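Student: Sharing structure-v2.pdb, PDB, N, CA, C and O atoms, pLDDT in the B column:
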ATOM      1  N   MET A  16     158.249 105.821  59.571  1.00 82.00           N
ATOM      2  CA  MET A  16     158.366 107.116  58.914  1.00 82.00           C
ATOM      3  C   MET A  16     157.970 108.208  59.911  1.00 82.00           C
ATOM      4  O   MET A  16     157.004 108.049  60.647  1.00 82.00           O
ATOM      5  N   PRO A  17     158.718 109.307  59.942  1.00 85.00           N
ATOM      6  CA  PRO A  17     158.399 110.396  60.872  1.00 85.00           C
ATOM      7  C   PRO A  17     156.999 110.962  60.636  1.00 85.00           C
ATOM      8  O   PRO A  17     156.479 110.940  59.526  1.00 85.00           O
ATOM      9  N   SER A  18     156.428 111.489  61.704  1.00 92.00           N
ATOM     10  CA  SER A  18     155.099 112.095  61.620  1.00 92.00           C
ATOM     11  C   SER A  18     155.206 113.543  61.124  1.00 92.00           C
ATOM     12  O   SER A  18     156.295 114.131  61.084  1.00 92.00           O
ATOM     13  N   VAL A  19     154.057 114.100  60.795  1.00 94.00           N
ATOM     14  CA  VAL A  19     153.991 115.505  60.383  1.00 94.00           C
ATOM     15  C   VAL A  19     154.565 116.390  61.487  1.00 94.00           C
ATOM     16  O   VAL A  19     155.342 117.316  61.210  1.00 94.00           O
ATOM     17  N   ASP A  20     154.203 116.092  62.727  1.00 95.00           N
ATOM     18  CA  ASP A  20     154.705 116.903  63.849  1.00 95.00           C
ATOM     19  C   ASP A  20     156.221 116.856  63.955  1.00 95.00           C
ATOM     20  O   ASP A  20     156.852 117.866  64.256  1.00 95.00           O
ATOM     21  N   GLU A  21     156.795 115.685  63.698  1.00 96.00           N
ATOM     22  CA  GLU A  21     158.264 115.587  63.743  1.00 96.00           C
ATOM     23  C   GLU A  21     158.895 116.433  62.640  1.00 96.00           C
ATOM     24  O   GLU A  21     159.870 117.146  62.885  1.00 96.00           O
ATOM     25  N   TYR A  22     158.350 116.352  61.429  1.00 96.00           N
ATOM     26  CA  TYR A  22     158.869 117.166  60.332  1.00 96.00           C
ATOM     27  C   TYR A  22     158.792 118.649  60.679  1.00 96.00           C
ATOM     28  O   TYR A  22     159.731 119.404  60.432  1.00 96.00           O
ATOM     29  N   LEU A  23     157.666 119.062  61.249  1.00 97.00           N
ATOM     30  CA  LEU A  23     157.503 120.469  61.606  1.00 97.00           C
ATOM     31  C   LEU A  23     158.453 120.870  62.731  1.00 97.00           C
ATOM     32  O   LEU A  23     158.953 121.995  62.758  1.00 97.00           O
ATOM     33  N   ARG A  24     158.725 119.957  63.638  1.00 98.00           N
ATOM     34  CA  ARG A  24     159.689 120.221  64.711  1.00 98.00           C
ATOM     35  C   ARG A  24     161.090 120.422  64.128  1.00 98.00           C
ATOM     36  O   ARG A  24     161.827 121.317  64.542  1.00 98.00           O
ATOM     37  N   TYR A  25     161.446 119.602  63.143  1.00 98.00           N
ATOM     38  CA  TYR A  25     162.749 119.761  62.481  1.00 98.00           C
ATOM     39  C   TYR A  25     162.824 121.125  61.790  1.00 98.00           C
ATOM     40  O   TYR A  25     163.856 121.792  61.834  1.00 98.00           O
ATOM     41  N   ALA A  26     161.725 121.523  61.167  1.00 98.00           N
ATOM     42  CA  ALA A  26     161.691 122.833  60.508  1.00 98.00           C
ATOM     43  C   ALA A  26     161.905 123.946  61.531  1.00 98.00           C
ATOM     44  O   ALA A  26     162.680 124.883  61.283  1.00 98.00           O
ATOM     45  N   GLU A  27     161.246 123.833  62.680  1.00 98.00           N
ATOM     46  CA  GLU A  27     161.408 124.836  63.729  1.00 98.00           C
ATOM     47  C   GLU A  27     162.840 124.888  64.249  1.00 98.00           C
ATOM     48  O   GLU A  27     163.364 125.961  64.542  1.00 98.00           O
ATOM     49  N   GLN A  28     163.469 123.735  64.359  1.00 98.00           N
ATOM     50  CA  GLN A  28     164.864 123.697  64.803  1.00 98.00           C
ATOM     51  C   GLN A  28     165.767 124.408  63.802  1.00 98.00           C
ATOM     52  O   GLN A  28     166.684 125.141  64.194  1.00 98.00           O
ATOM     53  N   CYS A  29     165.516 124.194  62.525  1.00 98.00           N
ATOM     54  CA  CYS A  29     166.299 124.884  61.491  1.00 98.00           C
ATOM     55  C   CYS A  29     166.109 126.389  61.585  1.00 98.00           C
ATOM     56  O   CYS A  29     167.071 127.156  61.469  1.00 98.00           O
ATOM     57  N   LEU A  30     164.872 126.816  61.803  1.00 98.00           N
ATOM     58  CA  LEU A  30     164.602 128.247  61.926  1.00 98.00           C
ATOM     59  C   LEU A  30     165.298 128.842  63.145  1.00 98.00           C
ATOM     60  O   LEU A  30     165.839 129.955  63.068  1.00 98.00           O
ATOM     61  N   ALA A  31     165.287 128.107  64.244  1.00 98.00           N
ATOM     62  CA  ALA A  31     165.957 128.597  65.455  1.00 98.00           C
ATOM     63  C   ALA A  31     167.461 128.723  65.231  1.00 98.00           C
ATOM     64  O   ALA A  31     168.077 129.714  65.643  1.00 98.00           O
ATOM     65  N   LEU A  32     168.044 127.744  64.577  1.00 98.00           N
ATOM     66  CA  LEU A  32     169.480 127.807  64.280  1.00 98.00           C
ATOM     67  C   LEU A  32     169.789 128.952  63.319  1.00 98.00           C
ATOM     68  O   LEU A  32     170.796 129.646  63.478  1.00 98.00           O
ATOM     69  N   ALA A  33     168.922 129.149  62.336  1.00 98.00           N
ATOM     70  CA  ALA A  33     169.131 130.234  61.371  1.00 98.00           C
ATOM     71  C   ALA A  33     169.106 131.586  62.086  1.00 98.00           C
ATOM     72  O   ALA A  33     169.900 132.473  61.770  1.00 98.00           O
ATOM     73  N   ALA A  34     168.203 131.728  63.046  1.00 98.00           N
ATOM     74  CA  ALA A  34     168.096 132.990  63.777  1.00 98.00           C
ATOM     75  C   ALA A  34     169.358 133.292  64.571  1.00 98.00           C
ATOM     76  O   ALA A  34     169.706 134.458  64.776  1.00 98.00           O
ATOM     77  N   LYS A  35     170.060 132.258  65.006  1.00 98.00           N
ATOM     78  CA  LYS A  35     171.275 132.430  65.809  1.00 98.00           C
ATOM     79  C   LYS A  35     172.546 132.516  64.964  1.00 98.00           C
ATOM     80  O   LYS A  35     173.597 132.884  65.469  1.00 98.00           O
ATOM     81  N   SER A  36     172.444 132.157  63.690  1.00 97.00           N
ATOM     82  CA  SER A  36     173.626 132.084  62.840  1.00 97.00           C
ATOM     83  C   SER A  36     174.128 133.473  62.444  1.00 97.00           C
ATOM     84  O   SER A  36     173.339 134.351  62.085  1.00 97.00           O
ATOM     85  N   SER A  37     175.437 133.641  62.495  1.00 97.00           N
ATOM     86  CA  SER A  37     176.033 134.913  62.073  1.00 97.00           C
ATOM     87  C   SER A  37     176.487 134.854  60.618  1.00 97.00           C
ATOM     88  O   SER A  37     176.823 135.872  60.028  1.00 97.00           O
ATOM     89  N   SER A  38     176.462 133.656  60.043  1.00 97.00           N
ATOM     90  CA  SER A  38     176.881 133.479  58.658  1.00 97.00           C
ATOM     91  C   SER A  38     175.665 133.557  57.730  1.00 97.00           C
ATOM     92  O   SER A  38     174.701 132.805  57.891  1.00 97.00           O
ATOM     93  N   ALA A  39     175.725 134.444  56.765  1.00 98.00           N
ATOM     94  CA  ALA A  39     174.621 134.584  55.813  1.00 98.00           C
ATOM     95  C   ALA A  39     174.407 133.295  55.021  1.00 98.00           C
ATOM     96  O   ALA A  39     173.269 132.899  54.764  1.00 98.00           O
ATOM     97  N   ALA A  40     175.493 132.633  54.672  1.00 98.00           N
ATOM     98  CA  ALA A  40     175.384 131.389  53.899  1.00 98.00           C
ATOM     99  C   ALA A  40     174.727 130.285  54.734  1.00 98.00           C
ATOM    100  O   ALA A  40     173.860 129.558  54.244  1.00 98.00           O
ATOM    101  N   ASP A  41     175.141 130.171  55.999  1.00 98.00           N
ATOM    102  CA  ASP A  41     174.551 129.170  56.885  1.00 98.00           C
ATOM    103  C   ASP A  41     173.070 129.470  57.113  1.00 98.00           C
ATOM    104  O   ASP A  41     172.226 128.571  57.093  1.00 98.00           O
ATOM    105  N   LYS A  42     172.753 130.748  57.328  1.00 98.00           N
ATOM    106  CA  LYS A  42     171.370 131.149  57.559  1.00 98.00           C
ATOM    107  C   LYS A  42     170.504 130.798  56.351  1.00 98.00           C
ATOM    108  O   LYS A  42     169.411 130.231  56.498  1.00 98.00           O
ATOM    109  N   ALA A  43     170.998 131.097  55.155  1.00 98.00           N
ATOM    110  CA  ALA A  43     170.236 130.799  53.942  1.00 98.00           C
ATOM    111  C   ALA A  43     170.004 129.296  53.788  1.00 98.00           C
ATOM    112  O   ALA A  43     168.903 128.860  53.447  1.00 98.00           O
ATOM    113  N   ARG A  44     171.025 128.511  54.066  1.00 98.00           N
ATOM    114  CA  ARG A  44     170.895 127.050  53.939  1.00 98.00           C
ATOM    115  C   ARG A  44     169.919 126.504  54.972  1.00 98.00           C
ATOM    116  O   ARG A  44     169.100 125.642  54.660  1.00 98.00           O
ATOM    117  N   LEU A  45     169.987 127.001  56.185  1.00 98.00           N
ATOM    118  CA  LEU A  45     169.062 126.549  57.221  1.00 98.00           C
ATOM    119  C   LEU A  45     167.619 126.920  56.887  1.00 98.00           C
ATOM    120  O   LEU A  45     166.696 126.142  57.142  1.00 98.00           O
ATOM    121  N   LEU A  46     167.417 128.082  56.299  1.00 98.00           N
ATOM    122  CA  LEU A  46     166.067 128.470  55.880  1.00 98.00           C
ATOM    123  C   LEU A  46     165.570 127.566  54.749  1.00 98.00           C
ATOM    124  O   LEU A  46     164.388 127.203  54.714  1.00 98.00           O
ATOM    125  N   GLN A  47     166.462 127.183  53.842  1.00 98.00           N
ATOM    126  CA  GLN A  47     166.097 126.235  52.792  1.00 98.00           C
ATOM    127  C   GLN A  47     165.727 124.880  53.392  1.00 98.00           C
ATOM    128  O   GLN A  47     164.757 124.245  52.965  1.00 98.00           O
ATOM    129  N   MET A  48     166.503 124.456  54.366  1.00 98.00           N
ATOM    130  CA  MET A  48     166.221 123.183  55.030  1.00 98.00           C
ATOM    131  C   MET A  48     164.872 123.228  55.749  1.00 98.00           C
ATOM    132  O   MET A  48     164.094 122.265  55.690  1.00 98.00           O
ATOM    133  N   ALA A  49     164.584 124.339  56.412  1.00 98.00           N
ATOM    134  CA  ALA A  49     163.302 124.486  57.097  1.00 98.00           C
ATOM    135  C   ALA A  49     162.147 124.371  56.100  1.00 98.00           C
ATOM    136  O   ALA A  49     161.143 123.701  56.368  1.00 98.00           O
ATOM    137  N   GLN A  50     162.298 125.001  54.952  1.00 98.00           N
ATOM    138  CA  GLN A  50     161.250 124.920  53.934  1.00 98.00           C
ATOM    139  C   GLN A  50     161.093 123.495  53.416  1.00 98.00           C
ATOM    140  O   GLN A  50     159.977 123.024  53.203  1.00 98.00           O
ATOM    141  N   ALA A  51     162.200 122.794  53.254  1.00 98.00           N
ATOM    142  CA  ALA A  51     162.140 121.399  52.804  1.00 98.00           C
ATOM    143  C   ALA A  51     161.394 120.535  53.826  1.00 98.00           C
ATOM    144  O   ALA A  51     160.573 119.689  53.449  1.00 98.00           O
ATOM    145  N   TRP A  52     161.645 120.755  55.121  1.00 97.00           N
ATOM    146  CA  TRP A  52     160.925 120.011  56.165  1.00 97.00           C
ATOM    147  C   TRP A  52     159.441 120.339  56.134  1.00 97.00           C
ATOM    148  O   TRP A  52     158.594 119.447  56.285  1.00 97.00           O
ATOM    149  N   ARG A  53     159.100 121.620  55.924  1.00 97.00           N
ATOM    150  CA  ARG A  53     157.675 121.993  55.838  1.00 97.00           C
ATOM    151  C   ARG A  53     157.018 121.352  54.624  1.00 97.00           C
ATOM    152  O   ARG A  53     155.868 120.901  54.693  1.00 97.00           O
ATOM    153  N   ASP A  54     157.745 121.298  53.506  1.00 96.00           N
ATOM    154  CA  ASP A  54     157.211 120.642  52.305  1.00 96.00           C
ATOM    155  C   ASP A  54     156.956 119.161  52.559  1.00 96.00           C
ATOM    156  O   ASP A  54     155.928 118.617  52.146  1.00 96.00           O
ATOM    157  N   LEU A  55     157.902 118.512  53.240  1.00 95.00           N
ATOM    158  CA  LEU A  55     157.716 117.096  53.572  1.00 95.00           C
ATOM    159  C   LEU A  55     156.525 116.904  54.501  1.00 95.00           C
ATOM    160  O   LEU A  55     155.749 115.949  54.336  1.00 95.00           O
ATOM    161  N   ALA A  56     156.360 117.799  55.470  1.00 95.00           N
ATOM    162  CA  ALA A  56     155.218 117.712  56.380  1.00 95.00           C
ATOM    163  C   ALA A  56     153.910 117.836  55.617  1.00 95.00           C
ATOM    164  O   ALA A  56     152.957 117.089  55.865  1.00 95.00           O
ATOM    165  N   GLU A  57     153.871 118.759  54.668  1.00 95.00           N
ATOM    166  CA  GLU A  57     152.659 118.945  53.865  1.00 95.00           C
ATOM    167  C   GLU A  57     152.361 117.702  53.027  1.00 95.00           C
ATOM    168  O   GLU A  57     151.217 117.245  52.960  1.00 95.00           O
ATOM    169  N   LYS A  58     153.382 117.142  52.406  1.00 93.00           N
ATOM    170  CA  LYS A  58     153.193 115.924  51.613  1.00 93.00           C
ATOM    171  C   LYS A  58     152.711 114.778  52.491  1.00 93.00           C
ATOM    172  O   LYS A  58     151.815 114.033  52.106  1.00 93.00           O
ATOM    173  N   ARG A  59     153.322 114.654  53.655  1.00 91.00           N
ATOM    174  CA  ARG A  59     152.944 113.586  54.588  1.00 91.00           C
ATOM    175  C   ARG A  59     151.501 113.778  55.039  1.00 91.00           C
ATOM    176  O   ARG A  59     150.732 112.829  55.130  1.00 91.00           O
ATOM    177  N   ASP A  60     151.126 115.008  55.324  1.00 88.00           N
ATOM    178  CA  ASP A  60     149.780 115.324  55.783  1.00 88.00           C
ATOM    179  C   ASP A  60     148.746 115.015  54.703  1.00 88.00           C
ATOM    180  O   ASP A  60     147.622 114.629  55.003  1.00 88.00           O
ATOM    181  N   ASN A  61     149.151 115.168  53.451  1.00 89.00           N
ATOM    182  CA  ASN A  61     148.258 114.885  52.321  1.00 89.00           C
ATOM    183  C   ASN A  61     148.267 113.429  51.909  1.00 89.00           C
ATOM    184  O   ASN A  61     147.612 113.061  50.951  1.00 89.00           O
ATOM    185  N   GLY A  62     149.038 112.618  52.622  1.00 79.00           N
ATOM    186  CA  GLY A  62     149.090 111.195  52.310  1.00 79.00           C
ATOM    187  C   GLY A  62     150.008 110.837  51.170  1.00 79.00           C
ATOM    188  O   GLY A  62     149.961 109.737  50.646  1.00 79.00           O
ATOM    189  N   ASN A  63     150.899 111.752  50.785  1.00 64.00           N
ATOM    190  CA  ASN A  63     151.800 111.510  49.657  1.00 64.00           C
ATOM    191  C   ASN A  63     153.233 111.273  50.102  1.00 64.00           C
ATOM    192  O   ASN A  63     154.143 111.292  49.291  1.00 64.00           O
ATOM    193  N   GLY A  64     153.456 111.024  51.380  1.00 56.00           N
ATOM    194  CA  GLY A  64     154.813 110.919  51.881  1.00 56.00           C
ATOM    195  C   GLY A  64     155.377 109.522  51.902  1.00 56.00           C
ATOM    196  O   GLY A  64     156.546 109.336  52.174  1.00 56.00           O
ATOM    197  N   GLY A  65     154.555 108.534  51.606  1.00 53.00           N
ATOM    198  CA  GLY A  65     155.039 107.162  51.648  1.00 53.00           C
ATOM    199  C   GLY A  65     155.582 106.690  50.329  1.00 53.00           C
ATOM    200  O   GLY A  65     155.785 107.467  49.400  1.00 53.00           O
ATOM    201  N   LYS A  66     155.818 105.411  50.261  1.00 50.00           N
ATOM    202  CA  LYS A  66     156.270 104.817  49.007  1.00 50.00           C
ATOM    203  C   LYS A  66     155.121 104.814  48.019  1.00 50.00           C
ATOM    204  O   LYS A  66     153.959 104.874  48.416  1.00 50.00           O
ATOM    205  N   PRO A  67     155.421 104.743  46.718  1.00 45.00           N
ATOM    206  CA  PRO A  67     154.331 104.731  45.733  1.00 45.00           C
ATOM    207  C   PRO A  67     153.321 103.639  46.066  1.00 45.00           C
ATOM    208  O   PRO A  67     153.691 102.511  46.368  1.00 45.00           O
ATOM    209  N   GLY A  68     152.064 104.037  46.062  1.00 43.00           N
ATOM    210  CA  GLY A  68     151.005 103.087  46.342  1.00 43.00           C
ATOM    211  C   GLY A  68     150.725 102.874  47.815  1.00 43.00           C
ATOM    212  O   GLY A  68     149.800 102.191  48.193  1.00 43.00           O
ATOM    213  N   GLU A  69     151.503 103.503  48.682  1.00 46.00           N
ATOM    214  CA  GLU A  69     151.342 103.349  50.129  1.00 46.00           C
ATOM    215  C   GLU A  69     150.632 104.557  50.694  1.00 46.00           C
ATOM    216  O   GLU A  69     150.974 105.680  50.377  1.00 46.00           O
ATOM    217  N   ARG A  70     149.629 104.335  51.524  1.00 42.00           N
ATOM    218  CA  ARG A  70     148.922 105.424  52.181  1.00 42.00           C
ATOM    219  C   ARG A  70     149.418 105.549  53.603  1.00 42.00           C
ATOM    220  O   ARG A  70     149.728 104.568  54.239  1.00 42.00           O
ATOM    221  N   SER A  71     149.456 106.768  54.121  1.00 42.00           N
ATOM    222  CA  SER A  71     149.897 106.955  55.502  1.00 42.00           C
ATOM    223  C   SER A  71     148.744 106.802  56.457  1.00 42.00           C
ATOM    224  O   SER A  71     147.624 106.861  56.146  1.00 42.00           O
TER     225      SER A  71
END
Translate this file's structure into structure tokens.
Tutor:
Amino acid sequence: MPSVDEYLRYAEQCLALAAKSSSAADKARLLQMAQAWRDLAEKRDNGNGGKPGERS
């Protein structure tokens, strides 16, 4: 399973792509994706990112 740092790196990549995008729809989707990666990083950091009953 990816680490918190990997999830945050994916979020940063989405933000970088969003900053370069000329399409409002693409930019909005990339920002949503970045937030989803940050949410996953937070869950993983809190030990809730694994399968039920599994601790990270």
Student: Between atom N of Glu57 in chain A and atom O of Val19 in chain A, measure the distance and give it in Å to one decimal.
Tutor: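 Pair atom N of Glu57 in chain A / atom O of Val19 in chain A returns 6.9 Å.
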Student: Would you mind reading off the distance between atom N of Leu32 in chain A and CA of Gly62 in chain A, one decimal, in Å?
Tutor: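 One can read the atom N of Leu32 in chain A to CA of Gly62 in chain A distance as 28.0 Å.
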Student: Report as a PyMOL selection string the residues that result from applying the PyMOL selection byres (((chain A and resi 48 and name CA) around 12) and name CA) to the structure here.
Tutor: chain A and resi 22-23+25-33+41-47+49-55
Student: In chain A, what's helix (DSSP H, G or I) per DSSP? Answer as a PyMOL selection string?
Tutor: chain A and resi 19-35+39-60
Student: Could you save the residues just selected, with N, CA, C and O atoms, as a compact mmCIF listing (two decimals), in the coordinates of the input?
Tutor:
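Contents of the output file selection36.txt:
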# COMPACT_ATOMS: atom_id res chain seq x y z
N VAL A 19 154.06 114.10 60.80
CA VAL A 19 153.99 115.50 60.38
C VAL A 19 154.56 116.39 61.49
O VAL A 19 155.34 117.32 61.21
N ASP A 20 154.20 116.09 62.73
CA ASP A 20 154.71 116.90 63.85
C ASP A 20 156.22 116.86 63.96
O ASP A 20 156.85 117.87 64.26
N GLU A 21 156.79 115.68 63.70
CA GLU A 21 158.26 115.59 63.74
C GLU A 21 158.90 116.43 62.64
O GLU A 21 159.87 117.15 62.88
N TYR A 22 158.35 116.35 61.43
CA TYR A 22 158.87 117.17 60.33
C TYR A 22 158.79 118.65 60.68
O TYR A 22 159.73 119.40 60.43
N LEU A 23 157.67 119.06 61.25
CA LEU A 23 157.50 120.47 61.61
C LEU A 23 158.45 120.87 62.73
O LEU A 23 158.95 122.00 62.76
N ARG A 24 158.72 119.96 63.64
CA ARG A 24 159.69 120.22 64.71
C ARG A 24 161.09 120.42 64.13
O ARG A 24 161.83 121.32 64.54
N TYR A 25 161.45 119.60 63.14
CA TYR A 25 162.75 119.76 62.48
C TYR A 25 162.82 121.12 61.79
O TYR A 25 163.86 121.79 61.83
N ALA A 26 161.72 121.52 61.17
CA ALA A 26 161.69 122.83 60.51
C ALA A 26 161.90 123.95 61.53
O ALA A 26 162.68 124.88 61.28
N GLU A 27 161.25 123.83 62.68
CA GLU A 27 161.41 124.84 63.73
C GLU A 27 162.84 124.89 64.25
O GLU A 27 163.36 125.96 64.54
N GLN A 28 163.47 123.74 64.36
CA GLN A 28 164.86 123.70 64.80
C GLN A 28 165.77 124.41 63.80
O GLN A 28 166.68 125.14 64.19
N CYS A 29 165.52 124.19 62.52
CA CYS A 29 166.30 124.88 61.49
C CYS A 29 166.11 126.39 61.58
O CYS A 29 167.07 127.16 61.47
N LEU A 30 164.87 126.82 61.80
CA LEU A 30 164.60 128.25 61.93
C LEU A 30 165.30 128.84 63.14
O LEU A 30 165.84 129.96 63.07
N ALA A 31 165.29 128.11 64.24
CA ALA A 31 165.96 128.60 65.46
C ALA A 31 167.46 128.72 65.23
O ALA A 31 168.08 129.71 65.64
N LEU A 32 168.04 127.74 64.58
CA LEU A 32 169.48 127.81 64.28
C LEU A 32 169.79 128.95 63.32
O LEU A 32 170.80 129.65 63.48
N ALA A 33 168.92 129.15 62.34
CA ALA A 33 169.13 130.23 61.37
C ALA A 33 169.11 131.59 62.09
O ALA A 33 169.90 132.47 61.77
N ALA A 34 168.20 131.73 63.05
CA ALA A 34 168.10 132.99 63.78
C ALA A 34 169.36 133.29 64.57
O ALA A 34 169.71 134.46 64.78
N LYS A 35 170.06 132.26 65.01
CA LYS A 35 171.28 132.43 65.81
C LYS A 35 172.55 132.52 64.96
O LYS A 35 173.60 132.88 65.47
N ALA A 39 175.72 134.44 56.76
CA ALA A 39 174.62 134.58 55.81
C ALA A 39 174.41 133.29 55.02
O ALA A 39 173.27 132.90 54.76
N ALA A 40 175.49 132.63 54.67
CA ALA A 40 175.38 131.39 53.90
C ALA A 40 174.73 130.28 54.73
O ALA A 40 173.86 129.56 54.24
N ASP A 41 175.14 130.17 56.00
CA ASP A 41 174.55 129.17 56.88
C ASP A 41 173.07 129.47 57.11
O ASP A 41 172.23 128.57 57.09
N LYS A 42 172.75 130.75 57.33
CA LYS A 42 171.37 131.15 57.56
C LYS A 42 170.50 130.80 56.35
O LYS A 42 169.41 130.23 56.50
N ALA A 43 171.00 131.10 55.16
CA ALA A 43 170.24 130.80 53.94
C ALA A 43 170.00 129.30 53.79
O ALA A 43 168.90 128.86 53.45
N ARG A 44 171.02 128.51 54.07
CA ARG A 44 170.90 127.05 53.94
C ARG A 44 169.92 126.50 54.97
O ARG A 44 169.10 125.64 54.66
N LEU A 45 169.99 127.00 56.18
CA LEU A 45 169.06 126.55 57.22
C LEU A 45 167.62 126.92 56.89
O LEU A 45 166.70 126.14 57.14
N LEU A 46 167.42 128.08 56.30
CA LEU A 46 166.07 128.47 55.88
C LEU A 46 165.57 127.57 54.75
O LEU A 46 164.39 127.20 54.71
N GLN A 47 166.46 127.18 53.84
CA GLN A 47 166.10 126.24 52.79
C GLN A 47 165.73 124.88 53.39
O GLN A 47 164.76 124.24 52.96
N MET A 48 166.50 124.46 54.37
CA MET A 48 166.22 123.18 55.03
C MET A 48 164.87 123.23 55.75
O MET A 48 164.09 122.26 55.69
N ALA A 49 164.58 124.34 56.41
CA ALA A 49 163.30 124.49 57.10
C ALA A 49 162.15 124.37 56.10
O ALA A 49 161.14 123.70 56.37
N GLN A 50 162.30 125.00 54.95
CA GLN A 50 161.25 124.92 53.93
C GLN A 50 161.09 123.50 53.42
O GLN A 50 159.98 123.02 53.20
N ALA A 51 162.20 122.79 53.25
CA ALA A 51 162.14 121.40 52.80
C ALA A 51 161.39 120.54 53.83
O ALA A 51 160.57 119.69 53.45
N TRP A 52 161.65 120.76 55.12
CA TRP A 52 160.93 120.01 56.16
C TRP A 52 159.44 120.34 56.13
O TRP A 52 158.59 119.45 56.28
N ARG A 53 159.10 121.62 55.92
CA ARG A 53 157.68 121.99 55.84
C ARG A 53 157.02 121.35 54.62
O ARG A 53 155.87 120.90 54.69
N ASP A 54 157.74 121.30 53.51
CA ASP A 54 157.21 120.64 52.30
C ASP A 54 156.96 119.16 52.56
O ASP A 54 155.93 118.62 52.15
N LEU A 55 157.90 118.51 53.24
CA LEU A 55 157.72 117.10 53.57
C LEU A 55 156.52 116.90 54.50
O LEU A 55 155.75 115.95 54.34
N ALA A 56 156.36 117.80 55.47
CA ALA A 56 155.22 117.71 56.38
C ALA A 56 153.91 117.84 55.62
O ALA A 56 152.96 117.09 55.86
N GLU A 57 153.87 118.76 54.67
CA GLU A 57 152.66 118.94 53.86
C GLU A 57 152.36 117.70 53.03
O GLU A 57 151.22 117.24 52.96
N LYS A 58 153.38 117.14 52.41
CA LYS A 58 153.19 115.92 51.61
C LYS A 58 152.71 114.78 52.49
O LYS A 58 151.82 114.03 52.11
N ARG A 59 153.32 114.65 53.66
CA ARG A 59 152.94 113.59 54.59
C ARG A 59 151.50 113.78 55.04
O ARG A 59 150.73 112.83 55.13
N ASP A 60 151.13 115.01 55.32
CA ASP A 60 149.78 115.32 55.78
C ASP A 60 148.75 115.02 54.70
O ASP A 60 147.62 114.63 55.00
Student: Take every atom of range 22-27 of chain A listed in the file, pad by 3 Å on each side, and give me the axis-aligned box centre and edge lengths in Å, one decimal, as JSON.
Tutor:
{"center_x": 160.7, "center_y": 121.2, "center_z": 62.5, "size_x": 12.4, "size_y": 15.6, "size_z": 10.4}
Student: Just to confirm, what's the straight-line distance from atom O of Ser18 in chain A to CA of Lys35 in chain A in Å (one decimal)?
Tutor: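 For atom O of Ser18 in chain A relative to CA of Lys35 in chain A, the distance reads 24.1 Å.
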Student: If I only have part of range 34-38 of chain A, can you fill in all heavy atoms and write it as a compact mmCIF listing (two decimals), keeping the file's coordinate frame?
Tutor:
# COMPACT_ATOMS: atom_id res chain seq x y z
N ALA A 34 168.20 131.73 63.05
CA ALA A 34 168.10 132.99 63.78
C ALA A 34 169.36 133.29 64.57
O ALA A 34 169.71 134.46 64.78
CB ALA A 34 166.89 132.95 64.70
N LYS A 35 170.06 132.26 65.01
CA LYS A 35 171.28 132.43 65.81
C LYS A 35 172.55 132.52 64.96
O LYS A 35 173.60 132.88 65.47
CB LYS A 35 171.42 131.26 66.78
CG LYS A 35 170.34 131.21 67.82
CD LYS A 35 170.51 129.99 68.69
CE LYS A 35 169.38 129.86 69.69
NZ LYS A 35 169.51 128.65 70.52
N SER A 36 172.44 132.16 63.69
CA SER A 36 173.63 132.08 62.84
C SER A 36 174.13 133.47 62.44
O SER A 36 173.34 134.35 62.08
CB SER A 36 173.31 131.29 61.57
OG SER A 36 174.43 131.25 60.73
N SER A 37 175.44 133.64 62.50
CA SER A 37 176.03 134.91 62.07
C SER A 37 176.49 134.85 60.62
O SER A 37 176.82 135.87 60.03
CB SER A 37 177.22 135.27 62.97
OG SER A 37 178.20 134.24 62.92
N SER A 38 176.46 133.66 60.04
CA SER A 38 176.88 133.48 58.66
C SER A 38 175.66 133.56 57.73
O SER A 38 174.70 132.80 57.89
CB SER A 38 177.55 132.11 58.49
OG SER A 38 177.65 131.76 57.12
